[in-house]
There are 2 protein chains.
Amino acid sequence: MTAPSEAQPRGTRLPRIARRRQLLAAAQQVFVERGYHAAAMDEIAERAGVSKPVLYQHFPGKLELYLALLEQHSEALVEKQRAALQSTDDNWQRVVASFKAYFDFVSGEGGAFRLVFESDLRNLPAVREITEQTTLRCAELIGEVIRQDTSVSDEEAHLLSIGLVGMAETSARYWLSRGTIPKDAAEQLIARLAWRGISGWDLTRH
Amino acid sequence: MTAPSEAQPRGTRLPRIARRRQLLAAAQQVFVERGYHAAAMDEIAERAGVSKPVLYQHFPGKLELYLALLEQHSEALVEKQRAALQSTDDNWQRVVASFKAYFDFVSGEGGAFRLVFESDLRNLPAVREITEQTTLRCAELIGEVIRQDTSVSDEEAHLLSIGLVGMAETSARYWLSRGTIPKDAAEQLIARLAWRGISGWDLTRH
DNA sequence: GCGTCCCCTTACGGACGAGTAAGATAGCTC
DNA sequence: GAGCTATCTTACTCGTCCGTAAGGGGACGC
């Protein structure tokens, strides 16, 4: 935990756009560390080396500030997932890339995965909508691939995809907190588990 | 959403133990509906047909009330999981029973799974400890079975188990909210996915 | 039917934190 | 260097909700 990216000595004026970026960065730090409820606007402002009203000149309220971050990172995850699945035609490689996308997301983005996967504001419909849609959209991307190559029904493909997404989310989160297995190895291991599960689905009698 | 189990007409006296049970039930309703932060002690008391100080005669504070519920249901899930894995020696049946345990948990207990899986108080160390340990303990139970029948390392068995647990949690939660597939079918489908993934692990060259 | 105890009530204190009003100051233009 | 504007600050209001102090009323013994 170093001092804020406050190369500026508290009092420096900044053009609007730069200030906004800085405020978002400070807000993310605090929201990730403390969660929505325990995060105080005063602390966000302070960490940006600025006073509270400045925050309110850029964002109408605490909720909008939070939503801006949540949407940004939610979108980033879905985009990573889309890119992973489009990166190859080989389904095994697709699975590998897809899981790597989750492990990358959890490893990077300044801990933003906590906003998307562990939000403490999920009881607010607007937030629940975003977090659930993130999971559903990722699942839907995977579901399309499954439907192309198997004869399962749409509903079944949907549930299978959700299961795989849940596996990715959870294993990535707990892999990170434990930190004993190299990232590559963890990705490969979970990808194998998923690939064994889903590949050649139609070939076995259930 | 019916009236509280308030057969008593607001003013009835109750022996301590019965009152405590009733308070816990009311608290669970409110915590599940609103989450920890949006739940007001006033509403919990009101829903139990009682005034606030009565609540404080049974629980020292809001947090302790919440923890009592969280621990109870967390324990219930782990116990269900343990029972499922002990219920048979056949590993395929074990997988089926194990996933059924998750779907049962999510379907029952008055929505208590929201406390364990979607707590909005996870930023409090005491709560994070409980929710994470729930996942880890369930995973560990599964991990033991995996280690018995495969030659993977302890670390690998651990991560694989976490992946399977995540698959169970997530698919059960989203199955419930969608509600288009019969419970049996959903359990079987996900169990097949897991079983194909994990069974005969050593037989394939990775 | 009167005292006594336990359970319950109404009504308040106090902390915390979101959002705001009003005023100060830097730095640019001319 | 005087004036102007956009940026920033201090200091406050207001609402919410946890937790509590102090007092009412039913049931039972006598």
# chains A, B, ... in the order shown; residues from 1 in each chain; ligands from 1
call {"tool": "residues_around", "arguments": {"residues": "B:Ala126", "least_positions_apart": "3", "cutoff": "12 Å", "atoms": "only C-alpha atoms (C1' of nucleotides)", "output": "PyMOL selection string"}}
result
chain B and resi 63-64+66-68+70-71+119+121-123+129-133
call {"tool": "write_last_selection", "arguments": {"atoms": "all heavy atoms", "output": "short mmCIF file (atom, residue, chain, number, x, y, z; two decimals), in the first residue's frame"}}
result
data_model
loop_
_atom_site.label_atom_id
_atom_site.label_comp_id
_atom_site.auth_asym_id
_atom_site.auth_seq_id
_atom_site.Cartn_x
_atom_site.Cartn_y
_atom_site.Cartn_z
N LEU B 63 -24.69 -7.68 14.45
CA LEU B 63 -23.67 -8.56 13.88
C LEU B 63 -23.79 -9.98 14.43
O LEU B 63 -23.74 -10.96 13.68
CB LEU B 63 -22.28 -8.01 14.17
CG LEU B 63 -21.13 -8.85 13.65
CD1 LEU B 63 -21.20 -9.00 12.14
CD2 LEU B 63 -19.79 -8.25 14.05
N GLU B 64 -23.94 -10.10 15.74
CA GLU B 64 -24.03 -11.42 16.35
C GLU B 64 -25.26 -12.18 15.85
O GLU B 64 -25.21 -13.39 15.62
CB GLU B 64 -24.07 -11.30 17.88
CG GLU B 64 -22.75 -10.89 18.50
CD GLU B 64 -22.50 -9.40 18.38
OE1 GLU B 64 -23.41 -8.67 17.92
OE2 GLU B 64 -21.39 -8.95 18.73
N TYR B 66 -26.61 -11.83 12.94
CA TYR B 66 -26.29 -12.26 11.58
C TYR B 66 -25.35 -13.46 11.60
O TYR B 66 -25.56 -14.44 10.88
CB TYR B 66 -25.64 -11.09 10.85
CG TYR B 66 -25.40 -11.31 9.37
CD1 TYR B 66 -26.44 -11.23 8.47
CD2 TYR B 66 -24.12 -11.55 8.89
CE1 TYR B 66 -26.23 -11.41 7.12
CE2 TYR B 66 -23.89 -11.73 7.53
CZ TYR B 66 -24.95 -11.65 6.66
OH TYR B 66 -24.72 -11.82 5.31
N LEU B 67 -24.34 -13.39 12.42
CA LEU B 67 -23.37 -14.48 12.48
C LEU B 67 -24.02 -15.79 12.92
O LEU B 67 -23.67 -16.86 12.43
CB LEU B 67 -22.22 -14.12 13.42
CG LEU B 67 -21.24 -13.07 12.89
CD1 LEU B 67 -20.20 -12.75 13.94
CD2 LEU B 67 -20.58 -13.53 11.61
N ALA B 68 -24.96 -15.69 13.86
CA ALA B 68 -25.64 -16.90 14.32
C ALA B 68 -26.30 -17.61 13.15
O ALA B 68 -26.18 -18.83 12.99
CB ALA B 68 -26.68 -16.54 15.38
N LEU B 70 -25.63 -17.14 9.87
CA LEU B 70 -24.63 -17.53 8.88
C LEU B 70 -23.95 -18.83 9.27
O LEU B 70 -23.81 -19.75 8.45
CB LEU B 70 -23.60 -16.40 8.77
CG LEU B 70 -22.59 -16.53 7.63
CD1 LEU B 70 -23.31 -16.50 6.29
CD2 LEU B 70 -21.57 -15.40 7.71
N GLU B 71 -23.55 -18.93 10.53
CA GLU B 71 -22.86 -20.14 10.98
C GLU B 71 -23.78 -21.35 10.89
O GLU B 71 -23.37 -22.43 10.45
CB GLU B 71 -22.37 -19.95 12.42
CG GLU B 71 -21.05 -19.21 12.48
CD GLU B 71 -20.74 -18.66 13.88
OE1 GLU B 71 -21.55 -18.90 14.80
OE2 GLU B 71 -19.70 -17.99 14.03
N SER B 119 -23.33 -12.99 0.62
CA SER B 119 -23.32 -12.08 1.75
C SER B 119 -22.78 -10.70 1.36
O SER B 119 -21.79 -10.60 0.64
CB SER B 119 -22.46 -12.65 2.87
OG SER B 119 -22.32 -11.67 3.90
N LEU B 121 -21.60 -8.75 3.51
CA LEU B 121 -20.75 -8.35 4.63
C LEU B 121 -19.40 -9.07 4.55
O LEU B 121 -18.69 -9.21 5.53
CB LEU B 121 -21.45 -8.68 5.96
CG LEU B 121 -20.96 -7.90 7.18
CD1 LEU B 121 -21.16 -6.42 6.99
CD2 LEU B 121 -21.65 -8.37 8.44
N ARG B 122 -19.08 -9.54 3.34
CA ARG B 122 -17.85 -10.33 3.20
C ARG B 122 -16.60 -9.52 3.46
O ARG B 122 -15.52 -10.06 3.62
CB ARG B 122 -17.76 -10.90 1.77
CG ARG B 122 -18.06 -12.37 1.75
CD ARG B 122 -17.91 -12.92 0.37
NE ARG B 122 -18.98 -12.45 -0.51
CZ ARG B 122 -19.21 -12.98 -1.70
NH1 ARG B 122 -18.47 -13.96 -2.16
NH2 ARG B 122 -20.19 -12.52 -2.44
N ASN B 123 -16.72 -8.21 3.51
CA ASN B 123 -15.53 -7.42 3.77
C ASN B 123 -15.15 -7.46 5.24
O ASN B 123 -14.05 -7.07 5.60
CB ASN B 123 -15.74 -5.99 3.29
CG ASN B 123 -15.74 -5.93 1.78
OD1 ASN B 123 -14.72 -6.08 1.14
ND2 ASN B 123 -16.93 -5.78 1.20
N GLU B 129 -14.22 -15.16 6.63
CA GLU B 129 -13.71 -16.42 7.15
C GLU B 129 -14.76 -17.53 7.05
O GLU B 129 -14.48 -18.62 6.54
CB GLU B 129 -13.31 -16.22 8.62
CG GLU B 129 -12.73 -17.43 9.30
CD GLU B 129 -11.36 -17.80 8.74
OE1 GLU B 129 -10.75 -16.95 8.05
OE2 GLU B 129 -10.92 -18.94 8.98
N ILE B 130 -15.96 -17.24 7.48
CA ILE B 130 -17.01 -18.27 7.47
C ILE B 130 -17.37 -18.68 6.05
O ILE B 130 -17.43 -19.86 5.73
CB ILE B 130 -18.26 -17.77 8.23
CG1 ILE B 130 -17.94 -17.60 9.71
CG2 ILE B 130 -19.42 -18.75 8.04
CD1 ILE B 130 -19.05 -16.98 10.51
N THR B 131 -17.62 -17.71 5.19
CA THR B 131 -18.07 -18.07 3.84
C THR B 131 -16.96 -18.80 3.07
O THR B 131 -17.23 -19.78 2.38
CB THR B 131 -18.52 -16.83 3.05
OG1 THR B 131 -17.44 -15.89 2.99
CG2 THR B 131 -19.70 -16.17 3.71
N GLU B 132 -15.73 -18.33 3.22
CA GLU B 132 -14.66 -19.01 2.49
C GLU B 132 -14.42 -20.42 3.04
O GLU B 132 -14.18 -21.36 2.29
CB GLU B 132 -13.37 -18.19 2.54
CG GLU B 132 -13.45 -16.95 1.68
CD GLU B 132 -12.09 -16.27 1.49
OE1 GLU B 132 -11.13 -16.66 2.18
OE2 GLU B 132 -12.02 -15.36 0.65
N GLN B 133 -14.47 -20.53 4.36
CA GLN B 133 -14.26 -21.85 4.95
C GLN B 133 -15.36 -22.83 4.53
O GLN B 133 -15.12 -24.03 4.42
CB GLN B 133 -14.20 -21.75 6.48
CG GLN B 133 -12.87 -21.22 7.00
CD GLN B 133 -11.68 -22.05 6.58
OE1 GLN B 133 -11.74 -23.28 6.59
NE2 GLN B 133 -10.61 -21.40 6.15
#
call {"tool": "select_by_dssp", "arguments": {"residues": "stretch 2-203 of chain A", "states": "alpha helix (DSSP H)", "output": "PDB file with C-alpha atoms, in the first residue's frame"}}
result
ATOM      1  CA  ARG A  16     -11.052  17.812 -15.974  1.00  0.00           C
ATOM      2  CA  ILE A  17     -10.303  14.599 -17.828  1.00  0.00           C
ATOM      3  CA  ALA A  18      -7.122  13.815 -15.958  1.00  0.00           C
ATOM      4  CA  ARG A  19      -8.823  14.544 -12.645  1.00  0.00           C
ATOM      5  CA  ARG A  20     -11.697  12.248 -13.510  1.00  0.00           C
ATOM      6  CA  ARG A  21      -9.332   9.410 -14.354  1.00  0.00           C
ATOM      7  CA  GLN A  22      -7.502   9.924 -11.105  1.00  0.00           C
ATOM      8  CA  LEU A  23     -10.719   9.963  -9.117  1.00  0.00           C
ATOM      9  CA  LEU A  24     -11.818   6.709 -10.703  1.00  0.00           C
ATOM     10  CA  ALA A  25      -8.493   5.124  -9.807  1.00  0.00           C
ATOM     11  CA  ALA A  26      -8.713   6.300  -6.202  1.00  0.00           C
ATOM     12  CA  ALA A  27     -12.321   5.139  -5.955  1.00  0.00           C
ATOM     13  CA  GLN A  28     -11.410   1.713  -7.258  1.00  0.00           C
ATOM     14  CA  GLN A  29      -8.699   1.311  -4.651  1.00  0.00           C
ATOM     15  CA  VAL A  30     -11.093   2.155  -1.850  1.00  0.00           C
ATOM     16  CA  PHE A  31     -14.051   0.155  -3.163  1.00  0.00           C
ATOM     17  CA  VAL A  32     -11.840  -2.889  -3.672  1.00  0.00           C
ATOM     18  CA  GLU A  33     -10.286  -2.592  -0.235  1.00  0.00           C
ATOM     19  CA  ARG A  34     -13.415  -1.848   1.752  1.00  0.00           C
ATOM     20  CA  GLY A  35     -16.423  -2.699  -0.392  1.00  0.00           C
ATOM     21  CA  TYR A  36     -19.181  -0.261  -1.268  1.00  0.00           C
ATOM     22  CA  HIS A  37     -20.681   0.253   2.157  1.00  0.00           C
ATOM     23  CA  ALA A  38     -17.521   0.761   4.160  1.00  0.00           C
ATOM     24  CA  MET A  41     -16.476   9.432  -0.085  1.00  0.00           C
ATOM     25  CA  ASP A  42     -14.134  11.358   2.195  1.00  0.00           C
ATOM     26  CA  GLU A  43     -11.543   8.631   1.938  1.00  0.00           C
ATOM     27  CA  ILE A  44     -11.819   8.420  -1.829  1.00  0.00           C
ATOM     28  CA  ALA A  45     -11.347  12.152  -2.091  1.00  0.00           C
ATOM     29  CA  GLU A  46      -8.489  12.126   0.379  1.00  0.00           C
ATOM     30  CA  ARG A  47      -6.739   9.325  -1.464  1.00  0.00           C
ATOM     31  CA  LYS A  52     -15.012  15.920  -1.350  1.00  0.00           C
ATOM     32  CA  PRO A  53     -16.923  18.476  -3.417  1.00  0.00           C
ATOM     33  CA  VAL A  54     -14.467  17.895  -6.258  1.00  0.00           C
ATOM     34  CA  LEU A  55     -15.720  14.319  -6.337  1.00  0.00           C
ATOM     35  CA  TYR A  56     -19.266  15.592  -6.667  1.00  0.00           C
ATOM     36  CA  GLN A  57     -18.305  17.821  -9.538  1.00  0.00           C
ATOM     37  CA  HIS A  58     -17.383  14.702 -11.490  1.00  0.00           C
ATOM     38  CA  LYS A  62     -21.502   7.545  -4.627  1.00  0.00           C
ATOM     39  CA  LEU A  63     -23.673   5.055  -6.473  1.00  0.00           C
ATOM     40  CA  GLU A  64     -22.927   6.458  -9.921  1.00  0.00           C
ATOM     41  CA  LEU A  65     -19.223   6.412  -9.157  1.00  0.00           C
ATOM     42  CA  TYR A  66     -19.483   2.766  -8.179  1.00  0.00           C
ATOM     43  CA  LEU A  67     -21.568   1.849 -11.197  1.00  0.00           C
ATOM     44  CA  ALA A  68     -19.084   3.497 -13.540  1.00  0.00           C
ATOM     45  CA  LEU A  69     -16.343   1.211 -12.243  1.00  0.00           C
ATOM     46  CA  LEU A  70     -18.543  -1.856 -12.112  1.00  0.00           C
ATOM     47  CA  GLU A  71     -19.709  -1.448 -15.687  1.00  0.00           C
ATOM     48  CA  GLN A  72     -16.227  -0.793 -16.954  1.00  0.00           C
ATOM     49  CA  HIS A  73     -14.759  -3.963 -15.501  1.00  0.00           C
ATOM     50  CA  SER A  74     -17.788  -6.081 -16.182  1.00  0.00           C
ATOM     51  CA  GLU A  75     -17.528  -5.092 -19.807  1.00  0.00           C
ATOM     52  CA  ALA A  76     -13.808  -5.838 -19.787  1.00  0.00           C
ATOM     53  CA  LEU A  77     -14.397  -9.389 -18.601  1.00  0.00           C
ATOM     54  CA  VAL A  78     -17.029 -10.140 -21.213  1.00  0.00           C
ATOM     55  CA  GLU A  79     -14.747  -8.693 -23.860  1.00  0.00           C
ATOM     56  CA  LYS A  80     -11.826 -10.848 -22.713  1.00  0.00           C
ATOM     57  CA  GLN A  81     -14.089 -13.848 -22.915  1.00  0.00           C
ATOM     58  CA  ARG A  82     -15.293 -13.000 -26.398  1.00  0.00           C
ATOM     59  CA  ALA A  83     -11.744 -12.488 -27.595  1.00  0.00           C
ATOM     60  CA  ALA A  84     -10.648 -15.801 -26.092  1.00  0.00           C
ATOM     61  CA  LEU A  85     -13.335 -17.770 -27.879  1.00  0.00           C
ATOM     62  CA  GLN A  86     -12.692 -16.028 -31.178  1.00  0.00           C
ATOM     63  CA  ASN A  91     -12.141 -26.252 -29.289  1.00  0.00           C
ATOM     64  CA  TRP A  92      -9.485 -27.469 -26.879  1.00  0.00           C
ATOM     65  CA  GLN A  93      -7.550 -24.282 -27.416  1.00  0.00           C
ATOM     66  CA  ARG A  94     -10.777 -22.381 -26.967  1.00  0.00           C
ATOM     67  CA  VAL A  95     -11.282 -23.908 -23.562  1.00  0.00           C
ATOM     68  CA  VAL A  96      -7.724 -23.084 -22.560  1.00  0.00           C
ATOM     69  CA  ALA A  97      -8.058 -19.500 -23.731  1.00  0.00           C
ATOM     70  CA  SER A  98     -11.420 -19.125 -22.066  1.00  0.00           C
ATOM     71  CA  PHE A  99     -10.117 -20.128 -18.656  1.00  0.00           C
ATOM     72  CA  LYS A 100      -7.005 -18.080 -19.126  1.00  0.00           C
ATOM     73  CA  ALA A 101      -9.277 -15.092 -19.630  1.00  0.00           C
ATOM     74  CA  TYR A 102     -10.751 -15.608 -16.164  1.00  0.00           C
ATOM     75  CA  PHE A 103      -7.397 -16.107 -14.499  1.00  0.00           C
ATOM     76  CA  ASP A 104      -6.080 -13.015 -16.266  1.00  0.00           C
ATOM     77  CA  PHE A 105      -9.061 -10.991 -15.128  1.00  0.00           C
ATOM     78  CA  VAL A 106      -8.663 -12.083 -11.534  1.00  0.00           C
ATOM     79  CA  SER A 107      -4.919 -11.441 -11.575  1.00  0.00           C
ATOM     80  CA  PHE A 113     -12.758  -8.729  -9.853  1.00  0.00           C
ATOM     81  CA  ARG A 114     -13.888  -8.108  -6.291  1.00  0.00           C
ATOM     82  CA  LEU A 115     -16.338  -5.544  -7.578  1.00  0.00           C
ATOM     83  CA  VAL A 116     -17.777  -7.921 -10.136  1.00  0.00           C
ATOM     84  CA  PHE A 117     -17.652 -11.215  -8.212  1.00  0.00           C
ATOM     85  CA  PRO A 125     -31.361  -4.287  -8.495  1.00  0.00           C
ATOM     86  CA  ALA A 126     -29.144  -2.129 -10.714  1.00  0.00           C
ATOM     87  CA  VAL A 127     -26.045  -3.844  -9.383  1.00  0.00           C
ATOM     88  CA  ARG A 128     -27.494  -7.338  -9.372  1.00  0.00           C
ATOM     89  CA  GLU A 129     -28.463  -6.805 -12.981  1.00  0.00           C
ATOM     90  CA  ILE A 130     -24.891  -5.973 -13.977  1.00  0.00           C
ATOM     91  CA  THR A 131     -23.150  -8.753 -12.077  1.00  0.00           C
ATOM     92  CA  GLU A 132     -25.627 -11.417 -13.140  1.00  0.00           C
ATOM     93  CA  GLN A 133     -25.587 -10.268 -16.743  1.00  0.00           C
ATOM     94  CA  THR A 134     -21.804 -10.527 -16.704  1.00  0.00           C
ATOM     95  CA  THR A 135     -22.013 -14.182 -15.783  1.00  0.00           C
ATOM     96  CA  LEU A 136     -24.878 -14.794 -18.172  1.00  0.00           C
ATOM     97  CA  ARG A 137     -23.210 -13.089 -21.107  1.00  0.00           C
ATOM     98  CA  CYS A 138     -20.002 -15.038 -20.603  1.00  0.00           C
ATOM     99  CA  ALA A 139     -22.024 -18.214 -20.328  1.00  0.00           C
ATOM    100  CA  GLU A 140     -23.943 -17.370 -23.446  1.00  0.00           C
ATOM    101  CA  LEU A 141     -20.728 -16.995 -25.446  1.00  0.00           C
ATOM    102  CA  ILE A 142     -19.660 -20.440 -24.302  1.00  0.00           C
ATOM    103  CA  GLY A 143     -23.141 -21.797 -24.855  1.00  0.00           C
ATOM    104  CA  GLU A 144     -23.009 -20.883 -28.519  1.00  0.00           C
ATOM    105  CA  VAL A 145     -19.919 -22.992 -29.003  1.00  0.00           C
ATOM    106  CA  ILE A 146     -21.477 -25.899 -27.153  1.00  0.00           C
ATOM    107  CA  ARG A 147     -24.603 -25.761 -29.266  1.00  0.00           C
ATOM    108  CA  GLN A 148     -22.571 -25.792 -32.449  1.00  0.00           C
ATOM    109  CA  ASP A 149     -20.856 -29.030 -31.587  1.00  0.00           C
ATOM    110  CA  ASP A 154     -30.752 -24.755 -25.577  1.00  0.00           C
ATOM    111  CA  GLU A 155     -31.716 -24.977 -21.942  1.00  0.00           C
ATOM    112  CA  GLU A 156     -29.173 -27.691 -21.298  1.00  0.00           C
ATOM    113  CA  ALA A 157     -26.417 -25.813 -23.104  1.00  0.00           C
ATOM    114  CA  HIS A 158     -27.259 -22.789 -20.998  1.00  0.00           C
ATOM    115  CA  LEU A 159     -26.968 -24.636 -17.717  1.00  0.00           C
ATOM    116  CA  LEU A 160     -23.790 -26.418 -18.745  1.00  0.00           C
ATOM    117  CA  SER A 161     -22.228 -23.091 -19.668  1.00  0.00           C
ATOM    118  CA  ILE A 162     -23.206 -21.551 -16.365  1.00  0.00           C
ATOM    119  CA  GLY A 163     -21.569 -24.477 -14.639  1.00  0.00           C
ATOM    120  CA  LEU A 164     -18.337 -23.967 -16.555  1.00  0.00           C
ATOM    121  CA  VAL A 165     -18.355 -20.255 -15.878  1.00  0.00           C
ATOM    122  CA  GLY A 166     -18.868 -20.905 -12.181  1.00  0.00           C
ATOM    123  CA  MET A 167     -15.965 -23.302 -12.238  1.00  0.00           C
ATOM    124  CA  ALA A 168     -13.779 -20.650 -13.836  1.00  0.00           C
ATOM    125  CA  GLU A 169     -14.792 -17.854 -11.465  1.00  0.00           C
ATOM    126  CA  THR A 170     -14.413 -19.852  -8.317  1.00  0.00           C
ATOM    127  CA  SER A 171     -11.216 -21.682  -9.166  1.00  0.00           C
ATOM    128  CA  ALA A 172      -9.574 -18.454 -10.309  1.00  0.00           C
ATOM    129  CA  ARG A 173     -10.560 -16.592  -7.132  1.00  0.00           C
ATOM    130  CA  TYR A 174      -9.350 -19.309  -4.794  1.00  0.00           C
ATOM    131  CA  TRP A 175      -6.234 -19.960  -6.840  1.00  0.00           C
ATOM    132  CA  LEU A 176      -5.335 -16.297  -6.379  1.00  0.00           C
ATOM    133  CA  SER A 177      -5.878 -16.232  -2.641  1.00  0.00           C
ATOM    134  CA  ARG A 178      -3.861 -19.374  -2.073  1.00  0.00           C
ATOM    135  CA  LYS A 183      -0.856 -19.475 -13.066  1.00  0.00           C
ATOM    136  CA  ASP A 184      -0.199 -21.500 -16.223  1.00  0.00           C
ATOM    137  CA  ALA A 185      -0.472 -24.776 -14.374  1.00  0.00           C
ATOM    138  CA  ALA A 186      -3.707 -23.789 -12.669  1.00  0.00           C
ATOM    139  CA  GLU A 187      -5.281 -22.664 -15.933  1.00  0.00           C
ATOM    140  CA  GLN A 188      -4.270 -25.873 -17.655  1.00  0.00           C
ATOM    141  CA  LEU A 189      -5.523 -28.055 -14.852  1.00  0.00           C
ATOM    142  CA  ILE A 190      -8.965 -26.499 -14.751  1.00  0.00           C
ATOM    143  CA  ALA A 191      -9.144 -26.344 -18.534  1.00  0.00           C
ATOM    144  CA  ARG A 192      -8.475 -30.086 -18.659  1.00  0.00           C
ATOM    145  CA  LEU A 193     -11.223 -30.718 -16.151  1.00  0.00           C
ATOM    146  CA  ALA A 194     -13.661 -28.739 -18.261  1.00  0.00           C
ATOM    147  CA  TRP A 195     -12.505 -30.198 -21.560  1.00  0.00           C
ATOM    148  CA  ARG A 196     -12.812 -33.770 -20.329  1.00  0.00           C
ATOM    149  CA  GLY A 197     -16.276 -32.859 -19.099  1.00  0.00           C
ATOM    150  CA  ILE A 198     -17.649 -31.244 -22.217  1.00  0.00           C
TER     151      ILE A 198
END
call {"tool": "interface_residues", "arguments": {"of": "chain C", "to": "chain A", "cutoff": "9 Å", "atoms": "only C-alpha atoms (C1' of nucleotides)", "output": "PyMOL selection string"}}
result
chain C and resi 17-20+26
call {"tool": "interface_residues", "arguments": {"of": "chain D", "to": "chain A", "cutoff": "10 Å", "atoms": "only C-alpha atoms (C1' of nucleotides)", "output": "ChimeraX atom specification"}}
result
/D:6-10
call {"tool": "atom_distance", "arguments": {"atom1": "atom C1' of C:DC8", "atom2": "atom C1' of D:DG25"}}
result
8.5 Å
